[in-house]
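Visitor: Please read through the structure below; I'll follow up with questions.
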Amino acid sequence: MSSFWTPIRVGLVVAASAAAFGLGLYFIGSSSLSSNKTYSVYAVFDDATGLGVRSRAQIAGIPIGQVDRVELDQTTSKAHVWIKVKKGFKLHKDAGITKRSESILGDFLLDVTPGSPDQPLLQDGDEIINVAKLQGMNEIFASMGKIANDISDVTSNLRKVLGSEAGENNLRSIIASLQRITAGIERTIDRSGSKIDAVLTNFQGFSGDLRKLSGNESDDIVAILKNTRAATEEARNILRTIGGVVGSQNQGELKESVSGIKSSVEKLDKSLGNIQAVTDRINRGEGTLGHLINDDKLAKNLDKASTSITNLLGSAESMKIEVNERSELLIGAPGSLPQSSVANPITLDNVSANTAYNPWTKNYFGVRIIPKPDKWYGLEVVDDPRGLTKQVRTQNLAACGVDPATKKPIPCFPNYPDTVTTTTTERQIKFSVYMAKRYGVVSGRFGIFENTGGFGVKLHLLNDALVFSADAYEFANPLKDHPRVKLYADYRFLDHLLVTAGADDLANKRVRDDVEATRIISGRDFFIGAGVYFTDEDVSKLIGLAASRF
């Protein structure tokens with residue numbers, strides 16, 4: 001008896017599976033935008049790469065429709081991209097459209113500007129004329145190719161100058177000359193230093209002898225000074241006579257020569273006076289040079305500062321810099337059912353509309369400065385699709401007099417509520433700056449996480465190829481009951497690639513988008529993603545390889 005029912009049961013299971021599979025294909029393939037709720041417009045693009053059916057169209061980050069079909073104009077060889085737009089969003093004649101890359105994973109979307117309200121509205125089948133073209137990856141790669149060509153020209157010129165035997169000989173000659181000059185300077189300093197020491201020693205002995213002489217034979221010194229004064233007076237008279245004679249002759253060359261000697265002596269005297277003033281300031285310890293020579297505190301402080309900086313950032317040989325970029329594809333809540341009501345009952349069209357999902361992507365671009373293997377500093381620029389949510393509360397405090405019966409203020413606008421709370425969300429770039437320290441297989445970091453204070457821990461496994469991470473931040477967000485907690489795992493491979501998966505904002509309940517119910521704007525969400533990372537050595541190797549190939 002069991003052998004008779006077994007084939008029937010197997011057949012029923014296979015039939016049920018086929019029916020479920022067909023129903024799933026119907027839901028997935030059904031359009032989220034029915035024709036009676038939308039109108040179609042099109043735009044002409046030179047290149048429609050990355051645009052396909054259901055690619056998102058948005059205004060200021062808010063979805064307004066999706067791509068319905070892409071056609072090729074055989075005459076102009078351009079792409080006609082037809083877009084289904086919800087009737088609630090009005091586009092005008094001067095509306096504009098731009099194709100933009102959503103992430104490095106190859107996702108593209110259409111950014112639409114609605115145009116001026118004083119312009120006529122676009123009707124079903126009209127064309128969006130203003131198509132703006134952004135620079136794509138091909139133009140960026142072309143620019144990088146030109147830069148690589150310039151670098152190749154520079155390296156080839158250096159190879160021509162220094163690569164030949166003559167260039168090598170010239171370089172050797174320059175180095176040998178520099179060595180001889182350095183040795184000569186060192187010998188000069190050594191000889192001058194010994195001479196200065198000898199002069200100072202002689203001057204010290206002379207001053208000692210002069211002190212003894214002045215103390216024992218003061219009367220003789222006074223007589224000598226009187227005789228010297230008289231001799232000086234006679235010499236002055238003689239020089240005055242000579243000056244008169246030289247000035248009275250008609251020989252102009254002799255007079256000019258004497259005047260030149262006099263001017264030179266005056267300049268020399270001024271120079272010696274300036275040198276004396278500078279040396280006096282140095283001896284007194286005034287000025288930067290005097291401070292350096294007479295006080296060794298500055299040198300000690302500089303030595304301490306350099307030691308502290310070396311301890312903080314490490315030596316130049318051990319420090320590394322890592323540049324990384326990653327994108328996280330948010331899963332959201334695909335397939336969520338709408339609430340049933342008399343005005344909006346659950347129908348097959350509503351169910352299929354909520355199964356169509358265009359995910360959001362969260363992008364990171366970061367730089368890590370790694371002075372030591374167990375310590376690093378990080379800076380990240382974050383493009384978060386959830387954006388920044390602000391809450392503004394407005395109170396109605398206006399009063400037009402006082403009620404004599406109740407003694408209470410009479411509101412000027414009685415139909416206006418006492419308090420109005422407005423919540424706005426805008427997408428903006430966020431920043432993270434943090435410090436990290438590692439202890440064995442565990443590391444911790446703290447700082448600014450996406451514009452708020454936070455901290456995180458990591459577990460490093462498989463020789464740092466597999467890393468489990470936990471971050472907590474947004475502790476003072478008034479719109480959330482709990483801090484934002486993120487758990488994720490990264491797996492690095494091929495020295496430059498990584499894949500990631502995890503969950504974000506685990507501690508808070510989900511809040512769905514009013515327009516797209518499949519999207520989560522706050523609370524728990526899951527994600528998968530990928531990224532690339534390069535160190536400063538990798539960047540140098542890439543530049544050298546590009547130069548050698550070109």
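All residue names refer to the structure tokens as shown: chains lettered A, B, ... in order, residues numbered from 1 in each chain, ligands numbered from 1 in order.
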Using only C-alpha atoms, which protein or nucleic acid residues come within 7 Å of Ser443 of chain A? Drop anything in the same chain fewer than 6 positions from it, and give the result as a list of chain:residue names.
Guide: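 The filter keeps A:Ala436, A:Lys437, A:Val457, A:Lys458, A:Leu459.
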Visitor: I need the strand (DSSP E) residues of segment 82-113 of chain A per DSSP on the backbone, written as a PyMOL selection string.
Guide: chain A and resi 82-86+96-101+108-113
Visitor: Would you kindly return, as a PyMOL selection string, each protein, DNA or RNA residue with an atom no farther than 8 Å from any atom of Tyr434 of chain A, considering only C-alpha atoms and excluding same-chain residues fewer than 4 positions away?
Guide: chain A and resi 377-379+445-449
Visitor: If you keep C-alpha atoms, can you produce a file of those selected residues as a PDB file, in the first residue's frame?
Guide:
ATOM      1  CA  TYR A 377      45.898  56.281  13.215  1.00  0.00           C
ATOM      2  CA  GLY A 378      42.945  56.368  10.818  1.00  0.00           C
ATOM      3  CA  LEU A 379      40.986  58.918   8.790  1.00  0.00           C
ATOM      4  CA  ARG A 445      40.261  51.936  18.730  1.00  0.00           C
ATOM      5  CA  PHE A 446      38.465  55.104  19.828  1.00  0.00           C
ATOM      6  CA  GLY A 447      37.785  58.559  18.424  1.00  0.00           C
ATOM      7  CA  ILE A 448      35.214  60.147  16.112  1.00  0.00           C
ATOM      8  CA  PHE A 449      33.047  57.580  14.249  1.00  0.00           C
TER       9      PHE A 449
END
Visitor: Which residues, written as a count of residues only, have at least one atom at most 10 Å from Ser116 of chain A, with only C-alpha atoms counted and residues fewer than 5 positions away on the same chain left out?
Guide: 6
Visitor: If we count only C-alpha atoms and set the cut-off at 10 Å, which residues sit around segment 74-89 of chain A, ignoring sequence neighbours fewer than 5 positions away in its own chain? Please answer as a PyMOL selection string.
Guide: chain A and resi 33-49+51-59+63-69+110+114+124-127
Visitor: Using Å and a single decimal, report how far atom CA of His496 of chain A sits from atom CA of Asp464 of chain A.
Guide: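 Separating atom CA of Asp464 of chain A from atom CA of His496 of chain A is a distance of 13.2 Å.
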Visitor: Using only C-alpha atoms for the distances, tell me which of A:Val467, A:Leu72, A:Ile370, A:Ala142 is nearest to Tyr488 of chain A.
Guide: A:Val467
Visitor: Restricting the calculation to only C-alpha atoms: of A:Ala507, A:Leu158, A:Ile321, A:Val278, which residue gets closest to Glu537 of chain A?
Guide: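 Result for the nearest residue to Glu537 of chain A: A:Ile321.
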Visitor: Enter the distance from atom CA of Arg519 of chain A to atom CA of Ala132 of chain A, in Å, rounded to one decimal.
Guide: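 So the answer is 28.2 Å.
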